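Take a look at the structure set out below.
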Amino acid sequence: MRPHISVKDLSVQYGALTILNHISIDIPDKKITAIIGPSGCGKTTLLKSFNRLLDLQEGAKVSGQVLVDGEDIYDPGTEMTHLRRRMGLLSQKPTVLPMSIYENVVYGLRIHGEKNKSKLDQAVEKYLREANLWNEVKDRLHDSASRLSIGQQQRLCLARGLAVEPEIILGDEPTSALDPVSAEQIEQRFLALKNQYTIVLVTHILRQAKRLADYVIFLYLGNLIEHGPAEKVLSSPRFVKTQAYLEGRFIEEFPIAAELDLCGGAKQDFPFRFEESLRGLTEGQIFKTLVDNEGLLRQILDLEQGQGHKVLEVRQISSTQWEIIIEKRGIGYSI
Amino acid sequence: MDKRKIEENFFKLLMIFSTLTVLGSLAFILLTILWKGIPALSWEMVTQSPKGGYYIGKAGGVLNAILGSLILGIGSTLLAIVLSLPIAFYLNLYLQKKSRLALAIRFALDVLWGIPSIVYGAFGFTLMLWLKIPASLLAGMITIALLIFPIMTRGIDEVLKMISSELKEATLALGSTRWETATKVIFRQALPGIITAVLLAFGRGISDAAAVLFTAGFTDSLPHSLWKPVATLPLAVFFQLGTPFAEVQARGYAAALILTAMVLLLNILARIIGSRFSRHIIK
């Protein structure tokens with residue numbers, strides 16, 4: 001599976017506040033990816049990092065890379081208008097432009113130089129049909145867009161975004177301001193469009209993620225907790241925080257009883273030191289392991305989990321360091 | 001009655017009193033102008049230039065000042081727009097909200113706003129001496145433009161600040177440059193507010209006497225050249241009210257009435273034109 005967007009060690013800070021903490025993730029091509037997590041966990045920030053609307057946030061400091069089709073979009077040479085043209089954006093609140101329905105759809109085409117009237121006319125019909133709005137507005141294309149209902153406005157925004165022929169559609173809780181019927185229409189559109197576009201959707205509605213997503217990313221307080229195919233993450237999540245969130249429970253920070261620093265150490269003796277640390281704990285206690293090597297991280301994650309421990313969380317804390325949070329369990333305990 | 005209720009009633013009365021004071025003053029001014037001006041108002045007044053001894057109570061009218069004020073007011077407003085729009089858009093779309101430059105620009109504009117118009121007049125006069133421009137329509141226009149551009153800029157600035165950031169984001173997300181965002185979307189959305197700001201500035205400019213006293217001068221002839229002095233209504237009012245003759249003073253009130261009516265008419269006209277261009281505004 002070829003990733004369409006590839007995030008590498010992305011961090012975003014506002015002053016002393018860390019919004020995104022060393023996120024590395026691949027967004028698959030021509031699938032619907034849902035970013036889920038409680039409010040304020042950095043979902044929208046992650047989404048806005050893809051089309052660099054993040055640049056508009058004053059005081060935001062971005063480090064790391066975001067590759068779209070292999071090109072780093074944070075490269076100083078990136079042409080912003082080209083980049084943004086490749087991604088349609090649907091925001092939380094439908095934002096039509098202060099012009100007619102027709103002009104809304106062709107706005108993007110016009111600024112990118114299309115002048116041919118018949119081509120514009122064709123585009124209006126084509127994309128309004130794709131957004132499932134054509135039949136409702138075909139007789140009043142020159143009316144103000146702001147007179148449409150809020151659900152129609154959101155579909156108009158979709159048509160307007162599709163008209164510039166993007167490869168990616170970004171949705172920032174695009175149905176949260178809509179009534180159930182309009183919301184369902186938008187969802188239907190996403191399902192119909194997913195074979196042609198890579199769709200990334202921020203949502204706080206779990207059932208929406210279940211209905212739509214092929215791939216799920218769970219963020220919590222700026223950390224990437226878990227990601228993977230939707231059915232796996234949503235029905236049998238690997239980590240405790242994901243489970244808690246999915247079940248609607250309160251997410252707690254782990255009380256760390258001990259730490260094991262494996263940074264810079266010899267690789268071979270890690271199982272021994274690991275075992276030793278486990279032995280020093282009583283059942284239910286939690287310890288934190290620090291590693292600075294991806295191979296070692298894999299090895300620890302691959303350890304047999306039935307044998308007295310369970311990995312609760314893996315968190316990248318710098319470009320080369322990871323924290324693994326591990327709970328001591330009784331021998332023979334199965335997960 | 002308990003204390004909170006007394007408090008509530010006291011402040012409510014205060015608000016009503018203030019509102020009535022303001023409305024009352026406005027009515028008082030209008031009534032005075034009407035009452036004292038209408039008797040002297042005649043067809044000659046608005047169609048003729050002053051004729052032999054107008055200022056001691058003879059025939060003629062103030063057409064010179066009507067046309068002068070109109071040309072001076074519109075010309076200086078256009079000049080001020082040319083300065084104001086770029087600054088306001090620069091402040092709101094290109095500079096960050098809390099950047100020092102933005103703070104400094106807004107502070108400077110607020111200070112300029114507070115400078116009395118006679119100081120602008122003196123400044124304009126100094127400038128004229130340097131540039132060797134005589135007291136003329138051009139000099140008056142430039143001075144008035146300088147007087148009203150801070151008012152206009154801050155007005156437009158406040159309007160642009162109110163535009164939602166979502167609208168900017170949505171426009172940029174379609175691949176617009178900032179320039180396209182400003183001119184094709186934000187400008188349209190802000191147009192009614194921009195018109196209000198421009199009208200406020202225009203009203204201030206057309207009715208100022210002190211700034212044109214040295215710079216535009218005064219003349220009995222109709223405006224015909226940028227380089228020649230021009231008459232203005234506020235100065236016509238000033239000169240006529242300053243005479244000891246009751247008949248001429250009445251003409252002063254009539255001129256004030258004409259000035260007020262002109263500002264009113266232009267306001268209405270601009271709003272009608274504005275509403276035609278702003279039917280797609282998002283409310």
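Labels used: A, B, ... for chains in the order of the structure tokens, numbers from 1 for residues in each chain, and numbers from 1 for ligands as shown.
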Quick one: which residues from chain B are at most 8 Å off chain A, using only C-alpha atoms, as a PDB file with C-alpha atoms, in the first residue's frame?
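Final output, saved to selection38.pdb:
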ATOM      1  CA  GLN B  96       0.270  38.848  12.032  1.00  0.00           C
ATOM      2  CA  LYS B  97      -2.241  40.143  14.537  1.00  0.00           C
ATOM      3  CA  GLU B 166     -12.724  30.458   8.322  1.00  0.00           C
ATOM      4  CA  LEU B 167     -13.515  32.493   5.235  1.00  0.00           C
ATOM      5  CA  GLU B 169      -8.895  29.690   5.324  1.00  0.00           C
ATOM      6  CA  ALA B 170     -11.511  28.381   2.929  1.00  0.00           C
ATOM      7  CA  THR B 171     -10.313  30.765   0.234  1.00  0.00           C
ATOM      8  CA  LEU B 172      -6.639  30.022   0.767  1.00  0.00           C
ATOM      9  CA  ALA B 173      -7.392  26.294   0.863  1.00  0.00           C
ATOM     10  CA  LEU B 174      -8.605  26.544  -2.742  1.00  0.00           C
ATOM     11  CA  GLY B 175      -5.137  27.650  -3.742  1.00  0.00           C
ATOM     12  CA  SER B 176      -5.677  31.418  -3.748  1.00  0.00           C
ATOM     13  CA  THR B 177      -2.838  33.783  -3.122  1.00  0.00           C
ATOM     14  CA  GLU B 180      -6.714  36.975  -4.569  1.00  0.00           C
ATOM     15  CA  VAL B 185     -13.405  37.377  -1.437  1.00  0.00           C
ATOM     16  CA  ARG B 188     -16.720  41.627  -1.291  1.00  0.00           C
ATOM     17  CA  GLN B 189     -17.645  40.385   2.124  1.00  0.00           C
ATOM     18  CA  ARG B 279     -26.257  40.956  -2.284  1.00  0.00           C
ATOM     19  CA  HIS B 280     -24.094  37.847  -1.927  1.00  0.00           C
ATOM     20  CA  ILE B 281     -22.741  38.786   1.497  1.00  0.00           C
ATOM     21  CA  ILE B 282     -22.682  36.029   4.086  1.00  0.00           C
ATOM     22  CA  LYS B 283     -24.664  37.190   7.083  1.00  0.00           C
TER      23      LYS B 283
END
In Å, with one decimal, what is the gap from atom CA of A:Lys241 to atom CA of A:Leu303? 20.4 Å
Quick one: DSSP strand (DSSP E) residues in stretch 34-255 of chain A, as a ChimeraX atom specification? /A:34-36,60-68,71-72,87-90,168-172,198-202,215-220,223-229
Would you output that residue set with N, CA and C atoms, as a short mmCIF file (atom, residue, chain, number, x, y, z; two decimals), in the first residue's frame?
data_model
loop_
_atom_site.label_atom_id
_atom_site.label_comp_id
_atom_site.auth_asym_id
_atom_site.auth_seq_id
_atom_site.Cartn_x
_atom_site.Cartn_y
_atom_site.Cartn_z
N ALA A 34 -9.58 8.16 9.24
CA ALA A 34 -10.24 9.00 10.25
C ALA A 34 -9.25 9.29 11.37
N ILE A 35 -9.17 10.57 11.74
CA ILE A 35 -8.37 10.95 12.89
C ILE A 35 -9.33 11.14 14.05
N ILE A 36 -9.20 10.31 15.08
CA ILE A 36 -10.13 10.41 16.21
C ILE A 36 -9.37 10.78 17.48
N ALA A 60 2.74 29.37 15.75
CA ALA A 60 2.90 27.92 15.66
C ALA A 60 4.29 27.58 15.14
N LYS A 61 4.97 26.68 15.84
CA LYS A 61 6.30 26.25 15.39
C LYS A 61 6.22 24.81 14.94
N VAL A 62 6.59 24.57 13.70
CA VAL A 62 6.46 23.23 13.14
C VAL A 62 7.85 22.65 12.92
N SER A 63 8.05 21.41 13.35
CA SER A 63 9.30 20.73 12.97
C SER A 63 8.95 19.34 12.47
N GLY A 64 9.86 18.75 11.72
CA GLY A 64 9.57 17.45 11.11
C GLY A 64 9.17 17.62 9.66
N GLN A 65 8.69 16.55 9.08
CA GLN A 65 8.38 16.58 7.65
C GLN A 65 6.97 16.08 7.38
N VAL A 66 6.35 16.63 6.36
CA VAL A 66 5.14 16.03 5.82
C VAL A 66 5.40 15.84 4.33
N LEU A 67 5.38 14.58 3.90
CA LEU A 67 5.63 14.31 2.48
C LEU A 67 4.31 14.01 1.79
N VAL A 68 4.05 14.71 0.71
CA VAL A 68 2.89 14.40 -0.11
C VAL A 68 3.44 13.89 -1.44
N GLU A 71 7.12 14.39 -1.70
CA GLU A 71 7.74 15.72 -1.64
C GLU A 71 7.48 16.37 -0.30
N ASP A 72 8.53 16.91 0.30
CA ASP A 72 8.37 17.57 1.59
C ASP A 72 7.68 18.91 1.40
N MET A 87 -5.48 19.74 -2.46
CA MET A 87 -6.28 19.25 -1.34
C MET A 87 -7.53 20.09 -1.16
N GLY A 88 -8.68 19.46 -1.24
CA GLY A 88 -9.92 20.17 -0.94
C GLY A 88 -10.13 20.16 0.57
N LEU A 89 -10.68 21.24 1.09
CA LEU A 89 -10.90 21.31 2.53
C LEU A 89 -12.37 21.53 2.84
N LEU A 90 -12.91 20.71 3.72
CA LEU A 90 -14.25 20.94 4.25
C LEU A 90 -14.09 21.27 5.72
N ILE A 168 -6.63 14.96 -2.79
CA ILE A 168 -6.88 14.66 -1.38
C ILE A 168 -8.05 15.53 -0.91
N ILE A 169 -8.92 14.94 -0.09
CA ILE A 169 -9.98 15.74 0.54
C ILE A 169 -9.74 15.72 2.04
N LEU A 170 -9.65 16.91 2.62
CA LEU A 170 -9.47 17.00 4.06
C LEU A 170 -10.80 17.44 4.67
N GLY A 171 -11.26 16.74 5.67
CA GLY A 171 -12.52 17.12 6.32
C GLY A 171 -12.30 17.33 7.80
N ASP A 172 -12.58 18.55 8.25
CA ASP A 172 -12.39 18.85 9.67
C ASP A 172 -13.75 18.81 10.36
N THR A 198 -7.95 10.45 -1.89
CA THR A 198 -7.52 10.10 -0.55
C THR A 198 -8.27 11.04 0.39
N ILE A 199 -9.00 10.47 1.34
CA ILE A 199 -9.83 11.31 2.20
C ILE A 199 -9.32 11.21 3.64
N VAL A 200 -9.07 12.36 4.23
CA VAL A 200 -8.67 12.37 5.63
C VAL A 200 -9.72 13.15 6.40
N LEU A 201 -10.21 12.54 7.46
CA LEU A 201 -11.38 13.05 8.13
C LEU A 201 -11.09 13.16 9.61
N VAL A 202 -11.25 14.38 10.16
CA VAL A 202 -11.19 14.50 11.62
C VAL A 202 -12.61 14.32 12.12
N TYR A 215 -9.09 3.35 7.73
CA TYR A 215 -7.87 3.44 8.49
C TYR A 215 -8.13 4.44 9.60
N VAL A 216 -7.61 4.17 10.81
CA VAL A 216 -7.91 5.05 11.93
C VAL A 216 -6.64 5.48 12.64
N ILE A 217 -6.61 6.76 13.01
CA ILE A 217 -5.49 7.30 13.79
C ILE A 217 -6.08 7.81 15.10
N PHE A 218 -5.55 7.36 16.21
CA PHE A 218 -6.05 7.85 17.49
C PHE A 218 -4.99 8.73 18.14
N LEU A 219 -5.37 10.00 18.38
CA LEU A 219 -4.45 10.93 19.03
C LEU A 219 -4.95 11.22 20.43
N TYR A 220 -4.03 11.40 21.35
CA TYR A 220 -4.43 11.81 22.68
C TYR A 220 -3.40 12.79 23.22
N ASN A 223 -0.20 13.17 21.37
CA ASN A 223 0.59 11.98 21.09
C ASN A 223 -0.19 11.03 20.19
N LEU A 224 0.55 10.38 19.31
CA LEU A 224 -0.05 9.34 18.49
C LEU A 224 -0.10 8.07 19.34
N ILE A 225 -1.30 7.64 19.71
CA ILE A 225 -1.40 6.47 20.57
C ILE A 225 -1.48 5.20 19.73
N GLU A 226 -2.35 5.22 18.74
CA GLU A 226 -2.53 3.99 17.97
C GLU A 226 -3.03 4.32 16.57
N HIS A 227 -2.62 3.54 15.61
CA HIS A 227 -3.16 3.71 14.27
C HIS A 227 -3.14 2.38 13.57
N GLY A 228 -4.01 2.21 12.60
CA GLY A 228 -4.05 0.94 11.87
C GLY A 228 -5.36 0.83 11.13
N PRO A 229 -5.58 -0.33 10.52
CA PRO A 229 -6.84 -0.55 9.81
C PRO A 229 -8.02 -0.34 10.76
#
Could you pull out the helix (DSSP H, G or I) residues of stretch 89-236 of chain A from DSSP and send them as a PyMOL selection string? chain A and resi 101-111+117-130+134-137+145-147+150-163+180-193+206-212+230-235
Could you pull the residues within 6 Å of stretch 217-229 of chain B, counting only C-alpha atoms, minus those fewer than 6 positions along the same chain, as a PyMOL selection string? chain B and resi 50+64+68+135-138
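In terms of minimum interatomic distance to B:Leu67, B:Met262 ranks closest within B:Met262, B:Glu8, B:Ser117, B:Glu44, counting only C-alpha atoms.
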Point-to-point distance from atom CA of B:Leu235 to atom CA of B:Ala270, Å rounded to tenths: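 Taking atom CA of B:Leu235 and atom CA of B:Ala270, their separation equals 25.2 Å.
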Pairwise distance for atom CA of A:Glu167 and atom CA of A:Asn116, rounded to one decimal in Å: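 So the two atoms, atom CA of A:Glu167 and atom CA of A:Asn116, lie 23.2 Å apart.
Residues in contact with A:His204 at up to 8 Å, not including ones fewer than 3 positions away on its chain and judged by only C-alpha atoms, are Ile36, Gly37, Pro38, Ser39 and Glu173 of chain A.
Proximity of B:Ala190, B:Leu200, B:Val212, B:Ala108 to B:Ala139, computed with only C-alpha atoms, is greatest for B:Val212.
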